[in-house]
Structure formats: C-alpha cells, structure tokens
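Engineer: The following file, protein-v3.txt, comprises compact mmCIF, C-alpha atoms:
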# COMPACT_ATOMS: atom_id res chain seq x y z
CA SER A 103 -4.77 21.33 21.33
CA THR A 104 -8.03 22.20 19.58
CA PHE A 105 -8.62 21.44 15.91
CA ASP A 106 -11.48 21.27 13.47
CA VAL A 107 -10.24 18.02 11.89
CA ALA A 108 -7.59 15.52 13.01
CA VAL A 109 -6.13 13.00 10.59
CA VAL A 110 -4.87 9.88 12.36
CA GLY A 111 -1.89 8.28 10.59
CA ALA A 112 1.06 9.97 8.91
CA GLY A 113 1.56 7.50 6.11
CA ILE A 114 1.42 8.69 2.53
CA VAL A 115 -2.40 8.51 2.32
CA GLY A 116 -2.91 10.36 5.61
CA LEU A 117 -0.44 13.09 4.69
CA ALA A 118 -1.83 13.50 1.17
CA SER A 119 -5.35 13.76 2.60
CA ALA A 120 -4.33 16.30 5.25
CA ARG A 121 -2.55 18.34 2.57
CA GLU A 122 -5.63 18.36 0.34
CA LEU A 123 -7.95 19.26 3.23
CA VAL A 124 -5.92 22.22 4.45
CA ARG A 125 -5.57 23.54 0.90
CA ARG A 126 -9.36 23.42 0.43
CA HIS A 127 -10.23 24.80 3.86
CA PRO A 128 -7.46 27.24 4.83
CA SER A 129 -9.58 28.86 7.55
CA LEU A 130 -9.92 25.60 9.52
CA ALA A 131 -7.41 24.07 11.93
CA PHE A 132 -6.02 20.64 10.95
CA ALA A 133 -3.73 18.19 12.77
CA VAL A 134 -2.05 14.94 11.79
CA LEU A 135 -1.51 12.49 14.66
CA GLU A 136 1.21 9.84 14.26
CA LYS A 137 2.17 7.22 16.83
CA GLU A 138 5.75 6.88 15.57
CA LYS A 139 8.52 9.44 16.00
CA GLU A 140 8.91 9.79 12.22
CA LEU A 141 6.58 10.05 9.25
CA ALA A 142 5.82 7.33 6.66
CA HIS A 143 7.50 4.80 8.93
CA HIS A 144 5.59 1.64 8.02
CA GLN A 145 3.90 0.67 4.73
CA SER A 146 4.76 4.00 3.08
CA GLY A 147 8.43 3.53 3.89
CA HIS A 148 8.66 -0.19 3.16
CA ASN A 149 7.11 -0.53 -0.28
CA SER A 150 8.66 -1.30 -3.66
CA GLY A 151 8.57 2.32 -4.86
CA VAL A 152 6.74 1.54 -8.11
CA ILE A 153 4.53 4.17 -9.74
CA HIS A 154 1.88 1.80 -11.08
CA SER A 155 0.00 2.50 -14.29
CA GLY A 156 -3.34 0.81 -13.50
CA ILE A 157 -3.24 -2.37 -15.59
CA TYR A 158 -4.36 -5.04 -13.14
CA TYR A 159 -7.46 -3.58 -11.58
CA LYS A 160 -11.07 -4.37 -12.39
CA PRO A 161 -12.46 -1.82 -14.86
CA GLY A 162 -14.74 0.64 -13.11
CA SER A 163 -13.27 -0.04 -9.68
CA LEU A 164 -11.91 2.70 -7.45
CA LYS A 165 -8.50 1.03 -7.71
CA ALA A 166 -8.46 1.39 -11.49
CA LYS A 167 -9.80 4.94 -11.55
CA LEU A 168 -7.63 6.26 -8.72
CA CYS A 169 -4.45 4.56 -9.92
CA VAL A 170 -4.62 6.03 -13.43
CA GLN A 171 -5.45 9.48 -12.06
CA GLY A 172 -2.96 9.17 -9.23
CA ALA A 173 -0.04 8.16 -11.45
CA ALA A 174 -0.50 11.26 -13.61
CA LEU A 175 -0.77 13.45 -10.50
CA CYS A 176 2.29 11.78 -8.95
CA TYR A 177 4.49 12.54 -11.98
CA GLU A 178 3.17 16.10 -12.10
CA TYR A 179 3.80 16.62 -8.38
CA CYS A 180 7.34 15.24 -8.57
CA ASP A 181 8.09 17.56 -11.49
CA GLN A 182 6.78 20.55 -9.54
CA LYS A 183 8.75 19.70 -6.40
CA GLY A 184 11.93 18.47 -8.06
CA ILE A 185 11.56 14.99 -6.57
CA PRO A 186 13.61 12.53 -8.64
CA TYR A 187 11.87 9.61 -10.34
CA LYS A 188 12.55 7.29 -13.26
CA GLN A 189 9.99 6.31 -15.89
CA CYS A 190 11.75 3.02 -16.49
CA GLY A 191 8.68 1.08 -17.69
CA LYS A 192 7.45 -2.40 -16.92
CA LEU A 193 7.21 -5.69 -18.79
CA ILE A 194 4.65 -8.29 -17.70
CA VAL A 195 6.20 -11.40 -19.20
CA ALA A 196 4.59 -14.68 -20.25
CA VAL A 197 7.10 -17.51 -20.00
CA GLU A 198 4.60 -20.36 -20.65
CA HIS A 199 2.14 -20.73 -23.52
CA ASN A 200 -0.81 -21.09 -21.14
CA GLU A 201 -0.06 -17.60 -19.79
CA ILE A 202 -0.55 -15.86 -23.14
CA PRO A 203 -4.38 -15.77 -23.03
CA ARG A 204 -4.21 -14.24 -19.53
CA LEU A 205 -1.66 -11.70 -20.76
CA LYS A 206 -3.92 -10.68 -23.65
CA ALA A 207 -6.85 -10.35 -21.25
CA LEU A 208 -4.67 -8.14 -19.06
CA TYR A 209 -3.89 -5.99 -22.08
CA GLU A 210 -7.62 -5.54 -22.77
CA ARG A 211 -8.21 -4.66 -19.13
CA GLY A 212 -5.46 -2.05 -19.24
CA LEU A 213 -7.05 -0.48 -22.33
CA GLN A 214 -10.42 -0.34 -20.56
CA ASN A 215 -8.69 1.42 -17.66
CA ASN A 216 -7.22 4.03 -20.05
CA VAL A 217 -3.62 3.09 -19.28
CA ARG A 218 -1.33 4.98 -21.65
CA GLY A 219 1.07 3.40 -24.11
CA LEU A 220 0.27 -0.29 -23.59
CA LYS A 221 1.32 -2.75 -26.25
CA LEU A 222 1.96 -6.46 -26.62
CA ILE A 223 5.47 -7.39 -27.75
CA GLY A 224 7.20 -10.60 -28.80
CA ALA A 225 10.36 -12.39 -27.70
CA LYS A 226 12.77 -10.27 -29.77
CA GLU A 227 11.29 -7.01 -28.50
CA ILE A 228 11.49 -8.31 -24.93
CA GLN A 229 15.22 -8.87 -25.36
CA ALA A 230 15.66 -5.48 -26.99
CA LYS A 231 14.22 -3.85 -23.85
CA GLU A 232 15.61 -6.32 -21.30
CA PRO A 233 18.61 -8.14 -22.81
CA PHE A 234 18.76 -10.79 -20.06
CA CYS A 235 15.02 -11.50 -19.89
CA ARG A 236 13.49 -14.48 -21.68
CA GLY A 237 9.79 -14.73 -22.51
CA LEU A 238 7.30 -15.66 -25.23
CA MET A 239 5.26 -12.47 -25.09
CA ALA A 240 5.07 -9.43 -22.83
CA LEU A 241 2.81 -6.52 -22.04
CA ASP A 242 4.89 -3.36 -22.27
CA SER A 243 3.83 -0.50 -19.96
CA PRO A 244 6.24 2.37 -20.72
CA TYR A 245 4.72 4.86 -18.25
CA THR A 246 5.33 2.71 -15.16
CA GLY A 247 8.00 4.33 -13.01
CA ILE A 248 9.82 4.30 -9.70
CA VAL A 249 10.20 6.89 -6.94
CA ASN A 250 11.10 7.09 -3.26
CA TYR A 251 7.66 7.31 -1.66
CA LYS A 252 9.04 8.25 1.73
CA GLN A 253 10.50 11.37 0.10
CA VAL A 254 7.12 12.08 -1.53
CA ALA A 255 5.35 11.68 1.83
CA GLN A 256 7.82 14.04 3.51
CA SER A 257 7.07 16.62 0.80
CA TYR A 258 3.32 16.28 1.45
CA ALA A 259 4.03 16.90 5.14
CA GLU A 260 6.00 20.06 4.32
CA ASP A 261 3.13 21.33 2.15
CA PHE A 262 0.67 20.64 4.96
CA GLN A 263 2.73 22.46 7.57
CA GLU A 264 3.44 25.42 5.28
CA ALA A 265 -0.34 25.79 4.82
CA GLY A 266 -0.79 26.00 8.60
CA GLY A 267 -1.32 22.35 9.53
CA THR A 268 0.08 20.79 12.71
CA ILE A 269 1.84 17.39 12.84
CA LEU A 270 2.12 15.65 16.21
CA THR A 271 4.42 12.61 16.27
CA ASP A 272 4.84 10.11 19.11
CA PHE A 273 1.08 10.48 19.58
CA GLU A 274 -0.77 7.17 19.64
CA VAL A 275 -4.55 7.35 19.59
CA THR A 276 -5.90 4.67 21.92
CA ASN A 277 -9.25 6.16 22.86
CA MET A 278 -11.96 8.42 21.46
CA GLU A 279 -14.62 9.89 23.71
CA VAL A 280 -17.19 12.64 23.63
CA ALA A 281 -15.98 15.53 25.78
CA LYS A 282 -18.52 16.33 28.49
CA GLU A 283 -17.20 19.77 29.26
CA SER A 284 -14.67 21.67 27.28
CA SER A 285 -13.77 25.16 26.27
CA SER A 286 -13.63 23.78 22.73
CA GLU A 287 -17.25 22.64 22.64
CA SER A 288 -18.92 22.83 19.30
CA GLU A 289 -22.19 24.63 18.73
CA ASP A 290 -24.15 21.52 19.61
CA GLY A 291 -22.13 21.09 22.78
CA LYS A 292 -20.08 18.12 21.59
CA ALA A 293 -16.43 17.68 20.84
CA PHE A 294 -14.31 14.63 21.44
CA PHE A 295 -10.79 14.08 22.52
CA CYS A 296 -8.15 11.51 21.67
CA PRO A 297 -5.80 10.92 24.61
CA PRO A 298 -2.59 9.23 23.42
CA PHE A 299 -1.24 6.27 25.31
CA THR A 300 2.34 7.54 25.31
CA THR A 301 2.06 11.08 26.66
CA GLY A 302 -1.35 11.42 28.25
CA GLU A 303 -2.04 14.65 26.36
CA GLU A 304 -5.50 15.33 25.02
CA ILE A 305 -6.47 16.64 21.61
CA TYR A 306 -9.91 18.11 21.02
CA CYS A 307 -11.39 18.09 17.55
CA GLN A 308 -14.74 18.23 15.81
CA HIS A 309 -14.05 15.50 13.25
CA ILE A 310 -11.57 12.70 12.65
CA VAL A 311 -10.28 11.04 9.49
CA THR A 312 -8.38 7.79 10.12
CA CYS A 313 -5.73 6.57 7.66
CA ALA A 314 -4.21 3.98 9.97
CA GLY A 315 -3.18 1.19 7.60
CA LEU A 316 -2.30 -1.85 9.69
CA TYR A 317 -4.43 -0.56 12.56
CA SER A 318 -7.44 0.68 10.61
CA ASP A 319 -9.76 -2.04 11.94
CA ARG A 320 -8.73 -1.44 15.55
CA LEU A 321 -9.29 2.31 15.33
CA SER A 322 -12.71 1.60 13.85
CA GLU A 323 -13.58 -0.60 16.81
CA ILE A 324 -12.28 2.02 19.28
CA SER A 325 -14.68 4.52 17.74
CA GLY A 326 -17.62 2.13 17.94
CA CYS A 327 -17.78 1.52 14.20
CA SER A 328 -17.82 -1.80 12.34
CA PRO A 329 -15.01 -4.31 12.99
CA GLU A 330 -15.23 -5.51 9.38
CA PRO A 331 -13.20 -5.80 7.24
CA ARG A 332 -10.45 -7.15 9.48
CA ILE A 333 -6.77 -6.51 8.85
CA VAL A 334 -4.49 -9.54 8.60
CA PRO A 335 -0.78 -8.68 8.19
CA PHE A 336 1.24 -10.40 5.46
CA ARG A 337 5.01 -9.97 5.40
CA GLY A 338 6.79 -9.70 2.07
CA ASP A 339 10.51 -10.51 2.08
CA TYR A 340 12.69 -9.21 -0.74
CA LEU A 341 15.99 -10.40 -2.10
CA VAL A 342 18.40 -7.91 -3.65
CA LEU A 343 20.77 -8.36 -6.55
CA LYS A 344 24.41 -7.88 -5.65
CA PRO A 345 25.58 -4.46 -6.92
CA GLU A 346 27.82 -5.96 -9.59
CA LYS A 347 24.80 -7.83 -11.04
CA CYS A 348 22.31 -4.97 -11.24
CA TYR A 349 23.15 -4.43 -14.92
CA MET A 350 20.92 -7.42 -15.71
CA VAL A 351 17.71 -5.46 -14.98
CA LYS A 352 16.75 -2.17 -16.64
CA GLY A 353 13.07 -1.77 -15.73
CA ASN A 354 10.33 -3.56 -13.81
CA ILE A 355 9.83 -7.21 -14.83
CA TYR A 356 6.64 -8.87 -13.56
CA PRO A 357 5.07 -12.30 -14.06
CA VAL A 358 1.60 -12.79 -15.50
CA PRO A 359 -0.62 -12.94 -12.40
CA ASN A 360 -2.47 -16.17 -11.76
CA PRO A 361 -6.09 -15.42 -10.83
CA ARG A 362 -6.21 -18.54 -8.64
CA PHE A 363 -3.71 -16.99 -6.23
CA PRO A 364 -4.12 -13.81 -4.18
CA PHE A 365 -0.73 -12.12 -4.78
CA LEU A 366 1.25 -11.03 -7.84
CA GLY A 367 4.28 -13.30 -7.48
CA PHE A 368 8.01 -12.62 -7.69
CA HIS A 369 9.14 -9.65 -9.75
CA PHE A 370 12.23 -7.55 -10.47
CA THR A 371 12.08 -3.96 -9.20
CA PRO A 372 14.82 -1.38 -9.83
CA ARG A 373 15.17 1.25 -7.11
CA MET A 374 16.06 4.92 -7.15
CA ASP A 375 19.39 4.19 -5.42
CA GLY A 376 20.42 1.85 -8.26
CA SER A 377 19.74 -1.38 -6.41
CA VAL A 378 17.34 -4.08 -7.66
CA TRP A 379 14.81 -5.76 -5.39
CA LEU A 380 13.56 -9.26 -6.16
CA GLY A 381 10.30 -10.58 -4.80
CA PRO A 382 8.43 -10.32 -2.55
CA ASN A 383 6.98 -13.50 -1.17
CA ALA A 384 3.83 -13.33 0.97
CA VAL A 385 3.65 -15.06 4.36
CA LEU A 386 1.54 -14.42 7.45
CA ALA A 387 3.27 -11.94 9.77
CA PHE A 388 3.13 -12.77 13.48
CA LYS A 389 3.13 -9.08 14.34
CA ARG A 390 1.37 -6.22 12.58
CA GLU A 391 4.60 -4.29 12.28
CA GLY A 392 6.87 -7.31 12.27
CA TYR A 393 9.52 -6.94 9.60
CA SER A 394 11.58 -10.01 10.49
CA LEU A 395 10.80 -13.70 10.77
CA PHE A 396 11.23 -13.59 14.55
CA ASP A 397 9.04 -10.56 15.31
CA PHE A 398 6.11 -11.79 17.38
CA SER A 399 3.15 -10.23 19.16
CA THR A 400 0.86 -12.54 21.10
CA GLY A 401 -2.08 -10.18 20.64
CA ASP A 402 -1.54 -9.71 16.90
CA PHE A 403 -0.98 -13.43 16.37
CA LEU A 404 -4.12 -14.46 18.25
CA ASP A 405 -6.11 -11.74 16.53
CA ALA A 406 -5.17 -13.23 13.15
CA VAL A 407 -5.41 -16.96 13.82
CA THR A 408 -8.74 -16.74 15.67
CA TYR A 409 -10.37 -14.96 12.74
CA SER A 410 -12.48 -17.35 10.66
CA GLY A 411 -11.84 -15.33 7.51
CA LEU A 412 -8.12 -16.14 7.64
CA TRP A 413 -8.72 -19.88 7.88
CA LYS A 414 -11.11 -19.81 4.94
CA LEU A 415 -8.46 -17.97 2.89
CA VAL A 416 -5.74 -20.43 3.97
CA LEU A 417 -7.78 -23.52 3.14
CA ARG A 418 -8.64 -22.19 -0.32
CA ASN A 419 -4.98 -21.44 -1.04
CA LEU A 420 -3.23 -24.17 0.94
CA SER A 421 -0.76 -25.28 -1.73
CA TYR A 422 0.12 -21.69 -2.59
CA GLY A 423 0.65 -20.82 1.08
CA LEU A 424 2.88 -23.83 1.68
CA SER A 425 4.92 -22.94 -1.40
CA GLU A 426 5.37 -19.39 -0.14
CA MET A 427 6.54 -20.66 3.27
CA TYR A 428 8.99 -23.03 1.59
CA ARG A 429 10.41 -20.25 -0.58
CA ALA A 430 10.69 -18.00 2.47
CA CYS A 431 13.01 -20.55 4.08
CA PHE A 432 15.11 -21.59 1.09
CA LEU A 433 16.93 -19.03 -1.04
CA SER A 434 17.36 -21.48 -3.92
CA ALA A 435 13.58 -21.87 -4.22
CA GLN A 436 13.14 -18.12 -4.64
CA VAL A 437 15.95 -17.94 -7.20
CA LYS A 438 14.31 -20.74 -9.17
CA GLU A 439 11.24 -18.50 -9.63
CA LEU A 440 13.46 -15.64 -10.83
CA GLN A 441 15.29 -17.86 -13.31
CA LYS A 442 12.06 -18.31 -15.26
CA PHE A 443 12.61 -14.74 -16.46
CA ILE A 444 16.36 -14.20 -16.18
CA PRO A 445 18.07 -17.61 -16.42
CA GLU A 446 21.50 -16.12 -15.67
CA VAL A 447 20.55 -15.23 -12.05
CA THR A 448 22.12 -17.64 -9.55
CA VAL A 449 22.03 -18.05 -5.78
CA ASN A 450 25.46 -16.42 -5.67
CA ASP A 451 24.05 -13.25 -7.28
CA VAL A 452 21.50 -12.42 -4.56
CA LEU A 453 21.36 -11.41 -0.91
CA ARG A 454 18.50 -11.34 1.55
CA GLY A 455 17.02 -7.85 1.56
CA PRO A 456 14.40 -5.75 3.34
CA SER A 457 10.83 -6.67 4.21
CA GLY A 458 7.48 -4.94 4.28
CA VAL A 459 4.18 -5.77 5.94
CA ARG A 460 0.98 -5.45 3.93
CA ALA A 461 -2.27 -4.51 5.68
CA GLN A 462 -4.49 -7.04 3.94
CA ALA A 463 -8.19 -6.52 4.56
CA LEU A 464 -10.21 -9.75 4.80
CA ASP A 465 -13.92 -10.29 5.15
CA SER A 466 -15.45 -13.05 7.26
CA ASP A 467 -15.82 -15.30 4.20
CA GLY A 468 -12.07 -15.26 3.63
CA ASN A 469 -12.19 -12.97 0.61
CA LEU A 470 -9.43 -10.43 0.06
CA VAL A 471 -11.03 -7.00 0.07
CA ASP A 472 -9.58 -5.81 -3.18
CA ASP A 473 -10.87 -2.26 -3.42
CA PHE A 474 -10.75 0.84 -1.26
CA VAL A 475 -13.19 0.92 1.67
CA PHE A 476 -14.36 4.12 3.36
CA ASP A 477 -16.93 4.20 6.12
CA GLY A 478 -18.07 5.87 9.31
CA GLY A 479 -20.73 5.16 11.85
CA SER A 480 -23.57 6.61 13.83
CA GLY A 481 -23.90 8.21 17.23
CA ASP A 482 -21.93 11.01 18.84
CA ILE A 483 -18.54 9.65 17.80
CA GLY A 484 -19.23 7.50 14.73
CA SER A 485 -21.04 10.31 12.94
CA ARG A 486 -17.96 12.52 13.26
CA ILE A 487 -15.47 10.02 11.79
CA LEU A 488 -14.44 8.95 8.32
CA HIS A 489 -12.44 5.73 8.35
CA VAL A 490 -10.19 4.82 5.44
CA ARG A 491 -10.60 1.10 6.10
CA ASN A 492 -8.68 -0.37 3.21
CA ALA A 493 -6.13 1.42 1.04
CA PRO A 494 -4.23 -1.42 -0.67
CA SER A 495 -1.54 -1.17 -3.31
CA PRO A 496 -1.51 1.00 -5.40
CA ALA A 497 -2.34 3.44 -2.59
CA ALA A 498 1.04 5.18 -2.77
CA THR A 499 0.70 5.74 -6.52
CA SER A 500 -2.89 6.86 -6.03
CA SER A 501 -2.31 9.02 -2.93
CA LEU A 502 -3.11 12.41 -4.47
CA ALA A 503 -6.22 11.07 -6.22
CA ILE A 504 -7.33 9.30 -3.01
CA ALA A 505 -6.81 12.56 -1.13
CA LYS A 506 -9.18 14.41 -3.47
CA MET A 507 -11.84 11.75 -2.97
CA ILE A 508 -11.39 11.79 0.82
CA ALA A 509 -11.63 15.59 0.86
CA ASP A 510 -14.86 15.38 -1.15
CA GLU A 511 -16.26 12.82 1.28
CA VAL A 512 -15.21 14.85 4.33
CA LYS A 513 -16.99 17.90 2.94
CA ARG A 514 -20.14 15.86 2.22
CA ARG A 515 -20.27 14.05 5.56
CA PHE A 516 -19.20 16.85 7.85
CA GLU A 517 -20.59 19.77 5.85
CA LEU A 518 -17.32 21.69 6.08
As structure tokens, what does this structure read like?

Structural biologist:
Amino acid sequence: STFDVAVVGAGIVGLASARELVRRHPSLAFAVLEKEKELAHHQSGHNSGVIHSGIYYKPGSLKAKLCVQGAALCYEYCDQKGIPYKQCGKLIVAVEHNEIPRLKALYERGLQNNVRGLKLIGAKEIQAKEPFCRGLMALDSPYTGIVNYKQVAQSYAEDFQEAGGTILTDFEVTNMEVAKESSSESEDGKAFFCPPFTTGEEIYCQHIVTCAGLYSDRLSEISGCSPEPRIVPFRGDYLVLKPEKCYMVKGNIYPVPNPRFPFLGFHFTPRMDGSVWLGPNAVLAFKREGYSLFDFSTGDFLDAVTYSGLWKLVLRNLSYGLSEMYRACFLSAQVKELQKFIPEVTVNDVLRGPSGVRAQALDSDGNLVDDFVFDGGSGDIGSRILHVRNAPSPAATSSLAIAKMIADEVKRRFEL
C-alpha cells in the first residue's frame, strides 16, 4: 500500500504515463488507481479509433507537436506489439466553393505542422479514392489510420505491470490528505494517502499524477488546486452504416471544419471490425459518464448549468447548438448532413450506434480550452501533485508523446 508515485486514472493517457514513468525509474514503486472495474472504460474505450495526423491544430501548439510525434510512436508501438491497425487515410472534403479557401488554409497549417504526405486533390481524384464520395476539392492525408485504442491501452497496462507496476481497479479516489503518522513517512515527515470511497482502503504515496479525464477538475479541487478550467461533458452520438452498405466507405471522410463552430461536424469513420461509424453530433450530456439520452445526474447537471462559462459558450453558438439538438432527435436530419458527401446514403442504410462523452474543458469566459493543460499547486498536497487538466482529442493518438512530456515534468517537479 506504499508507493513513490500513484497515477490516478487508467485511461490511455494515464496508462501510457505510468508505463513511461516505470521504464525511466525502475527502482521506484508505481501504482495506477482506477475507479472502474476495467481499464480504459470511458473516453479511451468510446472514441472513434482514428490515428490522427496533426492537420487541424494551431502550429506551435502542444496539440500539433504531440499529435505528429504521437502518431509516429503509435504506429511504431503497434508494429512492435503486433497490434492490428489500418493506414486507410483521410479525405477532408470541400463540397461548397466557399469551403475551398478554408481547405487550402488547412493544407498550409498541416505543412507547418510537418504532417507527412499531404496533398490537395480534385473531384476526379476524390472519386478514385472514394468512389461514392462527391466533392469539389479534398485534402488527402494518407498517413491517417485507425486502431482499437482500448487494445492499445491494455497493452500499455501489460507493459507497466511487467515492469513492476501495480494496477488497482475499483479504487475511487475521493480524498487526499497529508498523513500525520505513518510508517511510510518521507524524509521530511510527510506522505499522503488516498482513501477510496468504495473499499475504505488507504494508499500512501509521495507524489500523485492525475489523468482523470471527465473528473480532472474535481480531483484538482479535492487536492486544493485550481478549479479552472472546468469540465463540461458533451455527448457524441454515432450512427452506423448497415453491414451491407459498408462498401461505400474506404477511409475516413471528414468535412472542412467551420471556425465559427466548436466541433468538427459529421464524418465517416471506418472501424477495425469492418463497421463504419457516422457522426458524431455534440450535445450537452446530463451526466459526466452518461452515454444515453436518458442518463441523468442531478449533481453533474447542476454543476454544468450553473457554470457561467457554459452559458457564454451556448449564447455564442445558439444556432449551432439548436441544430445539433434537432439532429440528435431526427435521424433524417443527420442523414442529410451525410448526403452532402455520399448522396447514395439513405435513412434506410443507417442505424443508431454507440455514444461517447467528451471531457470538454471550458474557461469562465466560455472559451473551449483547446490545448493540453498541466498544473499543480502549492502547500503540502498541491506541491506533490501534477494534474493533467485537459487532454482533448487527439490524446489517444498522442498518448506516448504525452507520456514522455509528463515523465519529464514529473522528474522536474518532484526531482525523481
């Protein structure tokens, strides 16, 4: 029950970070604490499975740097471990003339981010790659791929345990306190414990790294650190193509993102099992881990709707939000968006599919926190914690690169 470092959260970022830490510091004792009974149960197990190439992100940002590095590391890791993936590519397709300037700007951004193999292609080349897709121009990203990230996360966990790390599931961290007296006291007489709500056990450790996704802001508050940025959950509902219609999609097909709106829009995503996901939409979730329309938590709901940052975001994007809610209710409205790219898709070709919940970080001004956020605090507890406050998409793609950065920061802060 005594460790040098405990990582809270067994999603793909937490497991990658724990793996990197134990590999760098084999003489130290590491634990991963996970409140669920299984690993990678939430965002890491409910994402689209895309290995992103790094096109969209602001040049010079952590997102851009870590995604490009992380994609290369992800392919290398999968090759080493024999984890199946497909480098099926992606087309970002302009279907209206007014989208072409934005597409060209996206191409320039991708070049600045050192994304490999990017090129702009015309209508005939689009149809050569995607016979059922219609568009005026597209950005072709051949190194975009797909993988099962839950399988990748499980492999990270195996690496961590083989290197001597300990994983404790069904262990929810609800409190962090300085231990007054303990056989595990550090040289300065201070260690702290994390008693889980479910079992009442105590874990003593010198330092904590939190990778808690949807609960990152709450763990920060528990530790006495800053409550900002706040997490507001957004549910994304997917449709799926019926199996007999999956031949219509070969690779990823994305729209040109509109900078006025906060999310990417509907896209076509092939999966490792041969299915094709369509979507997602983006609507406020009434529970942080609420994967269906009827999942509701009074506490989570009030936490979201009483936050001024959410209302500022809603008011700035009112028409977009209402459109998303309408499409969430009516299948035909979602299919209409898809028909812009593949006109042959009909309501009879699709079924309602799975959902995911995105941990969207918001500041008090209603701005989406777009980049990674890492912080700690001061005092007996805050000085011993590194919080991964915001790890948005493409965190799964970037997980190995993020882990290296977290390990560097842990060494710097905690002088390991």

Engineer: Near His144 of chain A, within 8 Å and counting all atoms listed in the file, which residues show up once chain neighbours fewer than 6 positions away are dropped, as a list in words?

Structural biologist: Gly113, Glu391, Gly458 and Val459 of chain A

Engineer: Quick one: of A:Ser163, A:Asp402, A:Asp242, A:Ala384, who's nearest to Ala230 of chain A, counting all atoms listed in the file?

Structural biologist: A:Asp242

Engineer: Considering all atoms listed in the file, return as a PDB file with C-alpha atoms, in the frame of the given file whatever protein or nucleic-acid residues lie within 8 Å of segment 115-128 of chain A, sequence-local ones (same chain, fewer than 4 positions apart) excluded.

Structural biologist:
ATOM      1  CA  VAL A 109      -6.130  13.000  10.590  1.00  0.00           C
ATOM      2  CA  VAL A 110      -4.870   9.880  12.360  1.00  0.00           C
ATOM      3  CA  GLY A 111      -1.890   8.280  10.590  1.00  0.00           C
ATOM      4  CA  PHE A 132      -6.020  20.640  10.950  1.00  0.00           C
ATOM      5  CA  ALA A 133      -3.730  18.190  12.770  1.00  0.00           C
ATOM      6  CA  VAL A 134      -2.050  14.940  11.790  1.00  0.00           C
ATOM      7  CA  ALA A 255       5.350  11.680   1.830  1.00  0.00           C
ATOM      8  CA  TYR A 258       3.320  16.280   1.450  1.00  0.00           C
ATOM      9  CA  ALA A 259       4.030  16.900   5.140  1.00  0.00           C
ATOM     10  CA  ASP A 261       3.130  21.330   2.150  1.00  0.00           C
ATOM     11  CA  PHE A 262       0.670  20.640   4.960  1.00  0.00           C
ATOM     12  CA  ALA A 265      -0.340  25.790   4.820  1.00  0.00           C
ATOM     13  CA  GLY A 266      -0.790  26.000   8.600  1.00  0.00           C
ATOM     14  CA  GLY A 267      -1.320  22.350   9.530  1.00  0.00           C
ATOM     15  CA  THR A 312      -8.380   7.790  10.120  1.00  0.00           C
ATOM     16  CA  CYS A 313      -5.730   6.570   7.660  1.00  0.00           C
ATOM     17  CA  ALA A 314      -4.210   3.980   9.970  1.00  0.00           C
ATOM     18  CA  ALA A 497      -2.340   3.440  -2.590  1.00  0.00           C
ATOM     19  CA  ALA A 498       1.040   5.180  -2.770  1.00  0.00           C
ATOM     20  CA  SER A 501      -2.310   9.020  -2.930  1.00  0.00           C
ATOM     21  CA  LEU A 502      -3.110  12.410  -4.470  1.00  0.00           C
ATOM     22  CA  ILE A 504      -7.330   9.300  -3.010  1.00  0.00           C
ATOM     23  CA  ALA A 505      -6.810  12.560  -1.130  1.00  0.00           C
ATOM     24  CA  LYS A 506      -9.180  14.410  -3.470  1.00  0.00           C
ATOM     25  CA  ILE A 508     -11.390  11.790   0.820  1.00  0.00           C
ATOM     26  CA  ALA A 509     -11.630  15.590   0.860  1.00  0.00           C
TER      27      ALA A 509
END

Engineer: Quote the spacing between atom CA of Gly237 of chain A and atom CA of Gln436 of chain A in Å to one decimal place.

Structural biologist: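 For atom CA of Gly237 of chain A relative to atom CA of Gln436 of chain A, the distance reads 18.5 Å.
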
Engineer: Please measure the separation of atom CA of Ile153 of chain A and atom CA of Asn250 of chain A, giving the value in Å to one decimal.

Structural biologist: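 Pair atom CA of Ile153 of chain A / atom CA of Asn250 of chain A returns 9.7 Å.
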
Engineer: Excluding segment 183-196 of chain A and its own-chain neighbours fewer than 2 positions away, which residues fall within 7 Å of it when counting all atoms listed in the file? Please give them as a list in words.

Structural biologist: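 The contact residues come out as Tyr179, Cys180, Asp181, Glu198, Glu201, Ile202, Leu205, Gly237, Leu238, Met239, Ala240, Leu241, Asp242, Ser243, Pro244, Tyr245, Thr246, Gly247, Ile248, Val249, Gly353, Asn354, Ile355, Tyr356, Pro357 and Val358 of chain A.
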
Engineer: With distances taken over only C-alpha atoms, which residue among A:Pro203, A:Gly392, A:Gly484, A:Gly212 lies nearest Tyr158 of chain A?

Structural biologist: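 Among A:Pro203, A:Gly392, A:Gly484, A:Gly212, it is A:Gly212 that comes nearest to Tyr158 of chain A.
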
Engineer: Between A:Asn383, A:Ser421, A:Ser146, A:Ser410, which residue has the minimum interatomic distance to Leu366 of chain A, considering all atoms listed in the file?

Structural biologist: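 With all atoms listed in the file as the atom set, the closest residue is A:Asn383.
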
Engineer: Using all atoms listed in the file, which of the listed residues (A:Gln308, A:Ser500, A:Ser495, A:Ser328) sits closest to Ser150 of chain A?

Structural biologist: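 The answer is A:Ser495, which sits nearest to Ser150 of chain A.
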
Engineer: Measure the distance from atom CA of Phe443 of chain A to atom CA of Asn215 of chain A in Å and round it to one decimal.

Structural biologist: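 Interatomic distance, atom CA of Phe443 of chain A to atom CA of Asn215 of chain A: 26.8 Å.
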
Engineer: I want to know what sits within 12 Å of Arg454 of chain A, based on only C-alpha atoms, with residues of the same chain fewer than 3 positions away left out; could you give that as a list in words?

Structural biologist: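 Once the nearby chain positions are removed, what remains is Gly338, Asp339, Tyr340, Leu341, Val342, Leu343, Lys344, Val378, Trp379, Leu380, Gly381, Pro382, Ser394, Ala430, Cys431, Phe432, Leu433, Ser434, Gln436, Val437, Val449, Asn450, Asp451 and Ser457 of chain A.
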
Engineer: Ranking A:Glu210, A:Glu517, A:Glu346, A:Asp106 by minimum distance to Ser129 of chain A and counting all atoms listed in the file, which one comes first?

Structural biologist: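 Distance minimum relative to Ser129 of chain A lands on A:Asp106.
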
Engineer: Quick one: residues within 6 Å of Asp319 of chain A, all atoms listed in the file counted, chain neighbours fewer than 3 positions away excluded, as a list of chain:residue names?

Structural biologist: A:Ser322, A:Pro329, A:Arg332

Engineer: Counting only C-alpha atoms, which of A:Val452, A:Ala174, A:Ile333, A:Val416 gets nearest to Val471 of chain A?

Structural biologist: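 Among the listed residues, A:Ile333 lies closest to Val471 of chain A.
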
Engineer: Residues around (-4.1, 0.5, -16.3), cut-off 9 Å, counting only C-alpha atoms - what are they as a ChimeraX atom specification?

Structural biologist: /A:154-159,161,166-167,169-170,209,211-218,220,243

Engineer: With 4 Å of padding per side, what axis-aligned box (centre and edge lengths, Å, one decimal) covers all the listed atoms of segment 496-505 of chain A? Give it as lines of an AutoDock Vina configuration file.

Structural biologist:
center_x = -3.1
center_y = 6.8
center_z = -3.8
size_x = 16.4
size_y = 19.6
size_z = 13.4
